[in-house]
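Heads up, work_39.cif below (mmCIF, C-alpha atoms):
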data_model
#
loop_
_atom_site.label_atom_id
_atom_site.label_comp_id
_atom_site.auth_asym_id
_atom_site.auth_seq_id
_atom_site.Cartn_x
_atom_site.Cartn_y
_atom_site.Cartn_z
CA MET A 1342 34.25 37.50 17.55
CA ARG A 1343 35.39 35.72 20.74
CA ARG A 1344 34.14 36.96 24.07
CA ALA A 1345 36.43 37.46 27.06
CA ARG A 1346 36.21 34.78 29.71
CA GLN A 1347 37.97 33.43 32.72
CA ARG A 1348 39.66 30.10 32.32
CA VAL A 1349 40.69 27.48 34.83
CA THR A 1350 43.83 25.89 33.48
CA ARG A 1351 43.61 22.14 33.37
CA PRO A 1352 46.33 19.69 32.39
CA PRO A 1353 45.99 17.84 29.09
CA ARG A 1354 43.63 14.90 29.47
CA ARG A 1355 44.58 11.34 28.74
CA ALA A 1356 41.34 9.57 29.56
CA ALA A 1357 40.67 5.97 28.74
CA LEU A 1358 38.93 5.87 25.40
CA GLY A 1359 36.04 3.60 24.63
CA GLY A 1360 36.43 2.28 21.11
CA ALA A 1361 38.28 3.16 17.94
CA LEU A 1362 37.89 6.31 15.89
CA VAL A 1363 34.50 6.44 14.21
CA VAL A 1364 34.69 6.96 10.46
CA VAL A 1365 31.63 7.77 8.38
CA LEU A 1366 31.62 8.19 4.61
CA LEU A 1367 29.43 10.65 2.75
CA ALA A 1368 26.69 8.91 0.81
CA ALA A 1369 25.40 10.86 -2.16
CA ALA A 1370 21.73 11.02 -2.96
CA CYS A 1371 19.85 7.86 -3.67
CA GLY A 1372 18.70 7.53 -7.23
CA GLY A 1373 21.86 7.41 -9.30
CA THR A 1374 23.22 4.51 -11.22
CA SER A 1375 25.82 2.02 -10.08
CA GLY A 1376 29.12 3.68 -9.36
CA GLU A 1377 27.68 7.19 -9.71
CA GLU A 1378 27.69 7.88 -6.03
CA ALA A 1379 30.48 5.68 -4.68
CA PRO A 1380 32.50 7.33 -1.91
CA THR A 1381 36.20 7.87 -2.28
CA GLY A 1382 39.15 7.92 0.06
CA PRO A 1383 41.77 5.22 0.53
CA GLU A 1384 41.57 5.14 4.33
CA ALA A 1385 37.86 5.45 4.86
CA THR A 1386 35.63 2.72 6.17
CA GLU A 1387 31.96 3.12 6.95
CA VAL A 1388 30.15 2.34 10.17
CA ALA A 1389 27.54 -0.33 9.44
CA ASP A 1390 23.89 0.60 9.80
CA THR A 1391 24.52 4.29 10.38
CA SER A 1392 23.64 5.91 7.08
CA THR A 1393 20.79 8.35 6.66
CA ALA A 1394 21.34 7.75 3.44
CA THR A 1395 20.51 9.69 0.89
CA ASP A 1396 16.96 9.82 1.12
CA GLY A 1397 16.50 12.58 3.66
CA GLU A 1398 14.95 14.76 0.98
CA ASP A 1399 12.76 11.94 -0.29
CA ARG A 1400 11.48 11.17 3.17
CA ALA A 1401 10.91 14.83 3.86
CA ALA A 1402 8.76 15.01 0.75
CA SER A 1403 6.75 11.96 1.70
CA GLY A 1404 6.46 12.72 5.41
CA ASP A 1405 8.19 9.45 6.35
CA PRO A 1406 11.11 9.98 8.73
CA GLY A 1407 12.56 6.67 7.66
CA GLY A 1408 14.41 6.21 10.94
CA PRO A 1409 15.04 3.00 12.82
CA SER A 1410 12.22 1.23 14.58
CA ASP A 1411 11.40 2.02 18.20
CA SER A 1412 13.04 -1.22 19.28
CA GLU A 1413 16.39 -0.53 17.72
CA ASP A 1414 18.72 2.43 17.36
CA GLY A 1415 20.47 3.58 14.24
CA ASP A 1416 23.64 1.71 15.17
CA GLY A 1417 21.82 -1.46 16.08
CA SER A 1418 22.01 -0.93 19.83
CA SER A 1419 19.02 -0.89 22.13
CA ASP A 1420 17.32 2.31 23.26
CA GLY A 1421 18.64 1.96 26.79
CA GLU A 1422 22.27 1.37 25.90
CA GLN A 1423 24.65 4.13 26.87
CA PRO A 1424 27.68 5.24 24.84
CA THR A 1425 30.95 3.59 25.76
CA VAL A 1426 33.14 6.67 25.47
CA GLY A 1427 35.06 7.20 28.71
CA LEU A 1428 36.06 10.88 28.58
CA ASP A 1429 36.21 13.77 31.03
CA PRO A 1430 32.63 14.12 32.33
CA ALA A 1431 33.20 17.87 32.70
CA PHE A 1432 32.81 18.11 28.92
CA ALA A 1433 29.99 15.58 28.47
CA VAL A 1434 26.34 16.27 27.74
CA ASP A 1435 23.43 13.86 27.56
CA PRO A 1436 23.77 11.35 24.69
CA PRO A 1437 21.28 12.06 21.89
CA GLY A 1438 20.16 8.49 21.26
CA ARG A 1439 18.78 7.52 17.87
CA LEU A 1440 17.62 10.04 15.30
CA LYS A 1441 13.91 10.69 15.77
CA ASP A 1442 13.41 13.68 13.47
CA LEU A 1443 13.62 14.16 9.72
CA PRO A 1444 17.00 15.09 8.25
CA ARG A 1445 17.05 18.63 6.85
CA THR A 1446 18.89 20.35 4.04
CA ALA A 1447 21.37 23.01 5.16
CA ASP A 1448 20.40 25.82 2.78
CA ILE A 1449 21.40 29.05 4.56
CA LEU A 1450 24.03 29.84 7.21
CA VAL A 1451 23.59 32.94 9.38
CA GLN A 1452 26.38 34.29 11.61
CA THR A 1453 26.04 37.28 13.92
CA ARG A 1454 28.40 38.93 16.38
CA ALA A 1455 26.05 38.32 19.29
CA GLY A 1456 23.42 35.73 20.05
CA ILE A 1457 20.12 35.91 18.21
CA PRO A 1458 17.20 36.66 20.58
CA GLU A 1459 14.18 34.41 20.87
CA GLU A 1460 11.76 36.95 19.37
CA THR A 1461 13.91 37.23 16.24
CA LEU A 1462 14.15 33.47 16.03
CA ALA A 1463 10.37 33.22 16.17
CA GLU A 1464 10.04 35.72 13.31
CA ILE A 1465 12.58 33.79 11.24
CA ARG A 1466 10.74 30.53 11.81
CA ASP A 1467 7.53 32.18 10.61
CA LEU A 1468 9.03 33.41 7.33
CA GLU A 1469 7.43 31.95 4.23
CA GLY A 1470 9.69 29.23 2.86
CA VAL A 1471 11.52 28.48 6.11
CA GLN A 1472 11.12 24.80 6.94
CA ASP A 1473 13.38 24.48 9.97
CA VAL A 1474 15.95 26.47 11.97
CA GLU A 1475 18.84 25.28 14.12
CA GLN A 1476 20.60 27.69 16.48
CA PHE A 1477 24.16 26.95 17.61
CA SER A 1478 27.47 28.68 18.31
CA MET A 1479 30.14 29.26 15.67
CA LEU A 1480 33.71 30.32 16.25
CA GLN A 1481 36.92 30.33 14.27
CA VAL A 1482 39.90 28.43 15.68
CA GLY A 1483 43.42 29.07 14.39
CA ILE A 1484 45.61 25.96 14.38
CA GLU A 1485 49.06 26.05 12.72
CA ASN A 1486 48.18 28.75 10.20
CA ARG A 1487 44.86 27.10 9.46
CA VAL A 1488 41.51 28.59 10.46
CA LEU A 1489 38.73 26.13 11.22
CA ASN A 1490 35.03 26.90 11.38
CA LEU A 1491 34.13 25.16 14.62
CA ALA A 1492 30.48 24.61 15.55
CA ALA A 1493 29.52 24.11 19.20
CA VAL A 1494 26.20 22.30 19.01
CA ASP A 1495 23.43 20.30 20.58
CA PRO A 1496 24.22 16.88 19.04
CA ALA A 1497 20.58 15.75 19.18
CA SER A 1498 19.26 18.51 16.91
CA PHE A 1499 22.25 19.75 14.90
CA ARG A 1500 22.84 16.29 13.43
CA ARG A 1501 19.73 16.67 11.22
CA PHE A 1502 21.48 19.26 9.06
CA THR A 1503 24.65 17.24 8.37
CA PRO A 1504 25.07 15.47 5.01
CA GLY A 1505 24.69 11.94 3.75
CA GLN A 1506 24.52 9.20 6.36
CA VAL A 1507 25.92 11.33 9.17
CA PRO A 1508 22.60 12.24 10.88
CA GLN A 1509 21.77 8.58 11.45
CA SER A 1510 25.17 7.66 12.90
CA ARG A 1511 24.40 7.42 16.59
CA GLU A 1512 28.00 6.65 17.47
CA VAL A 1513 29.28 9.89 15.92
CA TRP A 1514 26.88 12.00 17.95
CA ASP A 1515 27.43 9.98 21.13
CA ARG A 1516 31.13 10.78 20.71
CA VAL A 1517 30.43 14.50 20.32
CA ALA A 1518 28.07 14.42 23.31
CA GLY A 1519 30.75 12.60 25.31
CA GLY A 1520 33.19 15.46 24.79
CA GLU A 1521 35.04 14.40 21.66
CA LEU A 1522 35.69 16.23 18.40
CA ALA A 1523 34.20 15.35 15.00
CA ILE A 1524 35.96 16.69 11.90
CA ALA A 1525 35.65 16.41 8.15
CA PRO A 1526 37.81 13.45 7.04
CA GLU A 1527 40.03 15.57 4.79
CA LEU A 1528 41.30 17.48 7.84
CA GLN A 1529 42.72 14.44 9.63
CA LYS A 1530 46.22 14.82 8.16
CA LYS A 1531 46.18 18.63 8.30
CA LEU A 1532 45.76 19.06 12.06
CA PRO A 1533 48.40 18.53 14.78
CA ILE A 1534 46.79 15.44 16.25
CA ASP A 1535 49.11 13.50 18.56
CA GLU A 1536 49.57 9.76 18.47
CA GLN A 1537 46.85 9.28 21.08
CA GLY A 1538 44.36 11.29 19.06
CA PHE A 1539 44.36 14.56 21.05
CA VAL A 1540 44.52 18.08 19.64
CA GLU A 1541 44.68 21.50 21.31
CA LEU A 1542 42.03 23.77 19.83
CA ASP A 1543 42.93 26.85 21.83
CA GLN A 1544 46.04 27.78 23.78
CA GLY A 1545 45.51 27.06 27.45
CA SER A 1546 42.44 24.89 26.91
CA PRO A 1547 42.38 21.20 27.71
CA GLN A 1548 43.13 19.02 24.74
CA VAL A 1549 40.12 17.50 23.00
CA HIS A 1550 40.15 13.96 21.67
CA LEU A 1551 39.32 13.27 18.04
CA GLY A 1552 36.39 10.89 18.16
CA ALA A 1553 34.92 10.85 14.65
CA LEU A 1554 35.74 11.54 11.02
CA ALA A 1555 32.43 12.52 9.46
CA PRO A 1556 31.59 14.86 6.56
CA GLN A 1557 30.45 18.25 7.80
CA ILE A 1558 28.37 20.97 6.15
CA GLU A 1559 30.34 21.99 3.08
CA ASN A 1560 31.57 25.60 2.97
CA ALA A 1561 30.17 26.18 6.46
CA VAL A 1562 31.45 23.86 9.19
CA ASP A 1563 34.80 22.08 9.45
CA ALA A 1564 34.53 20.56 12.91
CA VAL A 1565 31.95 20.00 15.66
CA VAL A 1566 32.08 19.91 19.46
CA ASN A 1567 29.32 20.01 22.03
CA VAL A 1568 28.08 23.12 23.84
CA LYS A 1569 30.27 22.57 26.92
CA TRP A 1570 33.34 22.72 24.74
CA GLY A 1571 31.89 25.84 23.16
CA GLU A 1572 31.72 27.47 26.59
CA GLU A 1573 35.31 26.45 27.33
CA LEU A 1574 36.53 27.92 24.05
CA GLY A 1575 34.62 31.17 24.48
CA ALA A 1576 32.04 30.75 21.75
CA GLU A 1577 29.34 33.42 21.68
CA PRO A 1578 26.16 31.50 22.62
CA GLY A 1579 23.64 31.16 19.81
CA ASN A 1580 25.43 33.38 17.29
CA ALA A 1581 24.73 31.14 14.30
CA LEU A 1582 21.76 29.60 12.52
CA LEU A 1583 21.31 26.89 9.94
CA ILE A 1584 18.11 27.31 7.95
CA SER A 1585 16.40 24.69 5.83
CA THR A 1586 14.05 26.01 3.14
CA GLY A 1587 12.65 22.65 2.03
CA ILE A 1588 11.27 22.90 -1.49
CA THR A 1589 11.57 26.71 -1.51
CA ALA A 1590 14.56 28.21 -3.30
CA PRO A 1591 16.85 29.74 -0.63
CA ASP A 1592 17.30 32.97 -2.60
CA LYS A 1593 13.59 33.72 -1.99
CA VAL A 1594 14.18 33.63 1.77
CA VAL A 1595 17.43 35.63 1.93
CA LYS A 1596 15.94 39.13 1.52
CA PRO A 1597 13.20 38.94 4.19
CA LEU A 1598 15.61 37.04 6.44
CA THR A 1599 18.27 39.76 6.16
CA ALA A 1600 15.70 42.40 7.05
CA LEU A 1601 15.16 40.73 10.44
CA LEU A 1602 18.85 40.62 11.37
CA PRO A 1603 21.32 43.26 12.58
CA ARG A 1604 23.69 44.97 10.19
CA GLN A 1605 26.98 43.20 9.55
CA THR A 1606 25.24 39.84 9.83
CA SER A 1607 26.62 37.21 7.47
CA VAL A 1608 23.90 35.44 5.46
CA GLN A 1609 25.41 32.70 3.27
CA ARG A 1610 23.56 30.42 0.87
CA LEU A 1611 24.79 26.82 0.96
CA ASP A 1612 22.57 25.22 -1.70
CA SER A 1613 23.83 23.77 -4.99
CA VAL A 1614 22.69 26.84 -6.94
CA ALA A 1615 25.05 29.01 -4.93
CA ARG A 1616 27.89 26.47 -4.85
CA PHE A 1617 27.82 25.53 -8.52
CA GLY A 1618 26.80 28.90 -9.94
CA LEU A 1619 23.61 27.61 -11.55
CA ASP A 1620 21.23 30.15 -13.05
CA ILE A 1621 17.85 29.67 -11.41
CA ASN A 1622 16.19 31.64 -14.23
CA ALA A 1623 17.64 29.51 -17.01
CA LYS A 1624 15.74 26.56 -18.43
CA GLN A 1625 17.75 23.36 -18.67
CA THR A 1626 17.15 20.36 -20.93
CA ALA A 1627 18.12 16.76 -20.25
CA PHE A 1628 18.16 14.30 -23.15
CA VAL A 1629 17.93 10.84 -21.61
CA VAL A 1630 19.40 7.97 -23.60
CA GLY A 1631 19.16 4.25 -22.93
CA SER A 1632 16.49 1.63 -22.44
CA VAL A 1633 14.14 3.94 -20.54
CA SER A 1634 14.64 7.00 -22.75
CA GLU A 1635 11.14 6.78 -24.21
CA ALA A 1636 9.69 6.97 -20.71
CA VAL A 1637 11.42 10.32 -20.20
CA GLY A 1638 11.65 11.98 -23.61
CA VAL A 1639 12.93 15.55 -23.61
CA PHE A 1640 13.07 16.72 -20.00
CA ASN A 1641 12.96 20.51 -19.57
CA TYR A 1642 13.44 21.91 -16.09
CA THR A 1643 14.54 24.93 -14.08
CA VAL A 1644 16.72 24.93 -10.97
CA LEU A 1645 14.96 25.83 -7.73
CA GLY A 1646 17.90 25.72 -5.32
CA GLY A 1647 18.66 23.48 -2.40
CA GLY A 1648 19.32 20.62 -4.81
CA ARG A 1649 15.80 20.72 -6.23
CA ILE A 1650 14.46 21.31 -9.72
CA ALA A 1651 11.11 22.13 -11.34
CA PRO A 1652 10.31 20.06 -14.43
CA ALA A 1653 8.21 21.76 -17.09
CA GLU A 1654 4.52 21.52 -16.20
CA SER A 1655 3.75 20.09 -19.61
CA TRP A 1656 6.23 17.24 -18.98
CA VAL A 1657 4.72 16.51 -15.57
CA ARG A 1658 1.19 16.39 -17.07
CA THR A 1659 2.18 13.90 -19.75
CA HIS A 1660 4.62 11.72 -17.78
CA ILE A 1661 3.71 11.68 -14.07
CA THR A 1662 0.63 10.06 -12.58
CA THR A 1663 -0.74 8.94 -9.23
CA ALA A 1664 -2.06 5.40 -9.17
CA GLN A 1665 -3.08 2.64 -6.78
CA VAL A 1666 -0.73 -0.35 -6.67
CA PRO A 1667 -0.67 -3.48 -4.48
CA ILE A 1668 0.86 -3.26 -0.99
CA LEU A 1669 1.97 0.40 -1.25
CA GLY A 1670 -1.40 1.91 -2.09
CA SER A 1671 -1.15 5.33 -3.74
CA VAL A 1672 2.14 6.12 -5.53
CA THR A 1673 3.19 8.98 -7.77
CA CYS A 1674 5.54 7.79 -10.51
CA ASN A 1675 6.25 7.92 -14.21
CA LYS A 1676 3.24 6.57 -16.11
CA ALA A 1677 5.47 4.19 -18.06
CA ILE A 1678 6.46 2.12 -15.03
CA ILE A 1679 3.08 1.83 -13.32
CA PRO A 1680 2.13 -1.40 -15.18
CA GLN A 1681 5.38 -3.19 -14.37
CA LEU A 1682 5.45 -1.88 -10.79
CA THR A 1683 1.91 -3.15 -10.34
CA ALA A 1684 2.87 -6.51 -11.82
CA ALA A 1685 5.92 -6.83 -9.59
CA LEU A 1686 3.99 -6.02 -6.43
CA ARG A 1687 1.13 -8.31 -7.45
CA GLU A 1688 3.60 -11.19 -7.86
CA VAL A 1689 5.07 -10.39 -4.43
CA VAL A 1690 1.56 -10.77 -2.99
CA GLU A 1691 0.90 -13.99 -4.93
CA THR A 1692 4.20 -15.42 -3.70
CA GLY A 1693 3.12 -14.83 -0.11
CA LEU A 1694 5.75 -12.17 0.54
CA ALA A 1695 3.57 -9.10 0.94
CA ASP A 1696 4.70 -8.73 4.56
CA GLU A 1697 8.29 -8.27 3.34
CA ILE A 1698 7.39 -4.79 2.05
CA ASN A 1699 6.25 -2.27 4.67
CA PRO A 1700 4.09 0.46 3.10
CA GLY A 1701 4.86 2.72 6.07
CA GLU A 1702 8.54 2.62 5.14
CA TYR A 1703 8.05 3.58 1.50
CA ALA A 1704 10.04 6.78 0.80
CA GLY A 1705 8.63 7.94 -2.51
CA CYS A 1706 9.09 7.64 -6.26
CA TYR A 1707 8.75 11.00 -8.03
CA TYR A 1708 10.90 13.67 -6.43
CA PRO A 1709 12.60 16.10 -8.85
CA ARG A 1710 16.11 16.87 -7.62
CA PHE A 1711 19.83 16.50 -8.22
CA ILE A 1712 21.90 13.74 -6.70
CA ALA A 1713 23.11 15.32 -3.45
CA GLY A 1714 26.16 17.55 -3.83
CA SER A 1715 26.13 17.41 -7.63
CA THR A 1716 24.38 18.71 -10.72
CA THR A 1717 23.46 15.21 -11.94
CA LEU A 1718 19.74 14.49 -12.06
CA SER A 1719 18.46 11.74 -9.81
CA ASN A 1720 16.30 9.04 -11.40
CA HIS A 1721 13.64 10.09 -8.90
CA SER A 1722 13.38 13.26 -11.01
CA PHE A 1723 11.89 11.17 -13.81
CA GLY A 1724 9.63 9.14 -11.52
CA LEU A 1725 11.55 5.98 -12.41
CA ALA A 1726 12.91 5.03 -8.98
CA LEU A 1727 11.39 4.10 -5.64
CA ASP A 1728 12.73 3.39 -2.16
CA LEU A 1729 11.34 0.58 0.00
CA ASN A 1730 11.82 -0.49 3.63
CA THR A 1731 14.14 2.43 4.27
CA PRO A 1732 15.14 1.94 7.94
CA GLY A 1733 16.70 -1.49 7.47
CA ASN A 1734 18.23 -0.88 4.05
CA GLN A 1735 20.63 2.03 4.42
CA ARG A 1736 23.50 2.97 2.12
CA GLY A 1737 26.65 0.86 2.39
CA THR A 1738 24.91 -2.13 4.03
CA VAL A 1739 23.75 -5.50 2.71
CA GLY A 1740 20.29 -4.53 3.89
CA GLU A 1741 17.33 -6.61 4.92
CA MET A 1742 15.46 -6.74 1.62
CA ASP A 1743 14.06 -10.20 0.93
CA ARG A 1744 16.06 -11.60 -1.99
CA THR A 1745 13.01 -13.25 -3.56
CA VAL A 1746 11.33 -9.84 -3.62
CA VAL A 1747 14.48 -8.49 -5.28
CA ALA A 1748 14.36 -11.24 -7.89
CA ILE A 1749 10.71 -10.46 -8.65
CA PHE A 1750 11.49 -6.77 -9.16
CA LYS A 1751 14.40 -7.64 -11.46
CA LYS A 1752 12.10 -9.90 -13.49
CA TRP A 1753 9.79 -6.94 -14.04
CA GLY A 1754 12.48 -4.59 -15.29
CA PHE A 1755 13.90 -3.01 -12.13
CA GLY A 1756 17.52 -2.73 -11.13
CA TRP A 1757 18.41 -3.01 -7.44
CA GLY A 1758 20.72 -0.67 -5.54
CA GLY A 1759 21.94 -3.60 -3.44
CA ASP A 1760 23.99 -4.73 -6.44
CA TRP A 1761 25.93 -1.48 -6.67
CA ARG A 1762 29.57 -1.11 -5.71
CA TYR A 1763 28.44 1.11 -2.84
CA THR A 1764 25.15 -0.50 -1.95
CA ASP A 1765 21.74 1.17 -1.63
CA PRO A 1766 19.43 -1.76 -0.88
CA MET A 1767 16.30 0.35 -0.40
CA HIS A 1768 16.51 1.60 -3.99
CA PHE A 1769 14.85 0.09 -7.08
CA GLU A 1770 14.87 1.84 -10.46
CA ALA A 1771 13.50 0.97 -13.88
CA VAL A 1772 16.31 -0.17 -16.18
CA ARG A 1773 13.99 -1.29 -18.97
CA ILE A 1774 10.33 -0.78 -19.80
CA VAL A 1775 8.40 -4.05 -19.70
CA ASP A 1776 5.28 -4.75 -21.71
CA VAL A 1777 2.83 -6.24 -19.22
CA ARG A 1778 0.30 -8.59 -20.78
#

Write-out of the structure in structure tokens:
Amino acid sequence: MRRARQRVTRPPRRAALGGALVVVLLAAACGGTSGEEAPTGPEATEVADTSTATDGEDRAASGDPGGPSDSEDGDGSSDGEQPTVGLDPAFAVDPPGRLKDLPRTADILVQTRAGIPEETLAEIRDLEGVQDVEQFSMLQVGIENRVLNLAAVDPASFRRFTPGQVPQSREVWDRVAGGELAIAPELQKKLPIDEQGFVELDQGSPQVHLGALAPQIENAVDAVVNVKWGEELGAEPGNALLISTGITAPDKVVKPLTALLPRQTSVQRLDSVARFGLDINAKQTAFVVGSVSEAVGVFNYTVLGGGRIAPAESWVRTHITTAQVPILGSVTCNKAIIPQLTAALREVVETGLADEINPGEYAGCYYPRFIAGSTTLSNHSFGLALDLNTPGNQRGTVGEMDRTVVAIFKKWGFGWGGDWRYTDPMHFEAVRIVDVR
């Protein structure tokens, strides 16, 4: 529901724009095989060094934010550098800078008619299973017989809930902070965008410039502006929430959450269980074939929600172990690959390249889940994949991984994501089981 407001009519803006349209592709979850997760779209090109990659869930599990170093931002610019977007300052907010917090899964969307008070927010945050909450404004905008779900947000915090590499793309969120519009790429040809890149979101409002094509939260948000644009468009302040439930199935949070909210509140699950109609009570079985099939065997699991799964406890007991390995220290992986992982890391040390692997940037091995946005199991589910040096080796880049280290890992039976059609240079996965003698 839109609230009444007074409006000062302004002429359409034609400000000088700083830079071309930012385009960011959606990277699926790390841990698939070559070609499994390649993005599509004939016109899309990615922004180098801006992916969050795919390992937001892995890093959340390990406690490693996996962001850029303090000396460099996600887009390679220095901390002090300001965005170059020259738009109407009346619609600009402070630029968010680089991502400093963990990415979050967008598991539940809440929409109310009025803003949600602070005391209710505090109760929601305290609910068992709630990992994080983001409050923002949501409104529906009708453009040429099309209704868009438009989110008016704080770019610095909302970005954590967006998919794939989008959270880490500083340029996208600088554009939103600077007063530009970010939309899902598939909408580009469906909106009345003029030749200079401007679109009118609401009759009588100034025109907003399209600054970024970036995947948004599926089935929830089509387009994003900052909070000043939300005020201009009459968005009800704080009438929406995104809730991340971490490793807890979202359906377990919905009932107590609903009890805290007013009647006629919309509570929508966004996780893969809801989207793909998976039965969380049904046991699934994966029969792995190939050179590592013996390391997996028959893999029984149940779906938890939010893209996560629960392997049978008996499988975990017989296949997963925690062990000490060179450089990384304690790792939790499939028992079958511990010898060859140890051998590979030992050879890295013996070659004098131990400093090329940063144990503080290790993002985990065993993490049972689907590849993001799909019902395909990640190789992390089997404990057969690991991610190294995450900040400098994001999806779609050549990465900074030392190529001698890569060669050593290949020698010991690991495939490297840097060889994939859509690269993932942080990612190594067992492609064969090696007998270490």

Return as a tab-separated table (two decimals) with C-alpha atoms, in the frame of the given file the set of residues that the PyMOL selection byres ((chain A and resi 1533) around 12) yields on the displayed structure.
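Resulting contents of out-v6.tsv:
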chain	number	residue	atom	x	y	z
A	1483	GLY	CA	43.42	29.07	14.39
A	1484	ILE	CA	45.61	25.96	14.38
A	1485	GLU	CA	49.06	26.05	12.72
A	1486	ASN	CA	48.18	28.75	10.20
A	1487	ARG	CA	44.86	27.10	9.46
A	1528	LEU	CA	41.30	17.48	7.84
A	1529	GLN	CA	42.72	14.44	9.63
A	1530	LYS	CA	46.22	14.82	8.16
A	1531	LYS	CA	46.18	18.63	8.30
A	1532	LEU	CA	45.76	19.06	12.06
A	1534	ILE	CA	46.79	15.44	16.25
A	1535	ASP	CA	49.11	13.50	18.56
A	1536	GLU	CA	49.57	9.76	18.47
A	1537	GLN	CA	46.85	9.28	21.08
A	1538	GLY	CA	44.36	11.29	19.06
A	1539	PHE	CA	44.36	14.56	21.05
A	1540	VAL	CA	44.52	18.08	19.64
A	1541	GLU	CA	44.68	21.50	21.31
A	1542	LEU	CA	42.03	23.77	19.83
A	1548	GLN	CA	43.13	19.02	24.74
A	1549	VAL	CA	40.12	17.50	23.00
A	1550	HIS	CA	40.15	13.96	21.67
A	1551	LEU	CA	39.32	13.27	18.04

If we draw a sphere of 6 Å around (18.7, 22.2, -0.1), which residues have at least one atom in it when counting all atoms listed in the file? Please report them as a list in words. Thr1446, Ala1447, Asp1448, Asp1612, Gly1647 and Gly1648 of chain A

Go ahead and write the residues just picked, C-alpha atoms, as a short mmCIF file (atom, residue, chain, number, x, y, z; two decimals), keeping the file's coordinate frame.
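This went into again26.cif:
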data_model
loop_
_atom_site.label_atom_id
_atom_site.label_comp_id
_atom_site.auth_asym_id
_atom_site.auth_seq_id
_atom_site.Cartn_x
_atom_site.Cartn_y
_atom_site.Cartn_z
CA THR A 1446 18.89 20.35 4.04
CA ALA A 1447 21.37 23.01 5.16
CA ASP A 1448 20.40 25.82 2.78
CA ASP A 1612 22.57 25.22 -1.70
CA GLY A 1647 18.66 23.48 -2.40
CA GLY A 1648 19.32 20.62 -4.81
#

Using all atoms of stretch 1454-1465 of chain A listed in the file and a margin of 6 Å per side, can you give the axis-aligned box centre and edge lengths in Å to one decimal, as JSON?
{"center_x": 19.2, "center_y": 36.1, "center_z": 16.1, "size_x": 30.4, "size_y": 17.7, "size_z": 21.6}

Applied to the shown file, which residues does the PyMOL selection byres ((chain A and resi 1709) around 6) return, written as a ChimeraX atom specification? /A:1650,1708,1710,1722

Distance criterion (only C-alpha atoms): nearest to A:Glu1572 out of A:Ile1558, A:Ala1455, A:Val1494, A:Ile1679: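 Among the listed residues, the smallest separation from A:Glu1572 belongs to A:Val1494.
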
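The two atoms in question, atom CA of A:Leu1440 and atom CA of A:Gln1452, are spaced 26.0 Å apart.
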
Have a look at atom CA of A:Ser1585 and atom CA of A:Phe1711 and let me know their distance in Å, one decimal. 16.6 Å

Pick from A:Gly1740, A:Pro1556, A:Gly1638, A:Gly1575: nearest to A:Ala1677, with all atoms listed in the file counted?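 The shortest atom-to-atom distance to A:Ala1677 comes from A:Gly1638.
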
Have a look at atom CA of A:Thr1643 and atom CA of A:Arg1773 and let me know their distance in Å, one decimal.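 Going from atom CA of A:Thr1643 over to atom CA of A:Arg1773 covers 26.7 Å.
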
Residue with smallest distance to A:Pro1700 - pool A:Thr1716, A:Gln1681, A:Thr1606, A:Ser1671, counting only C-alpha atoms: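 The closest residue to A:Pro1700 is A:Ser1671.
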
For the structure provided, state which residues fall under the PyMOL selection byres ((chain A and resi 1573) around 9), and present them as a list in words. Arg1346, Arg1348, Phe1432, Ser1546, Pro1547, Val1568, Lys1569, Trp1570, Gly1571, Glu1572, Leu1574, Gly1575 and Ala1576 of chain A

Give as an MDAnalysis selection string each residue that has an atom at most 12 Å from (2.8, -5.2, -7.3) in the file, counting all atoms listed in the file. chainID A and resid 1664:1672 1678:1692 1694:1695 1698 1700 1746 1749:1750 1753 1777

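Comparing A:Val1513, A:Ile1449, A:Val1595, A:Ala1493 by their smallest distance to A:Arg1610, the closest is A:Ile1449 (using all atoms listed in the file).
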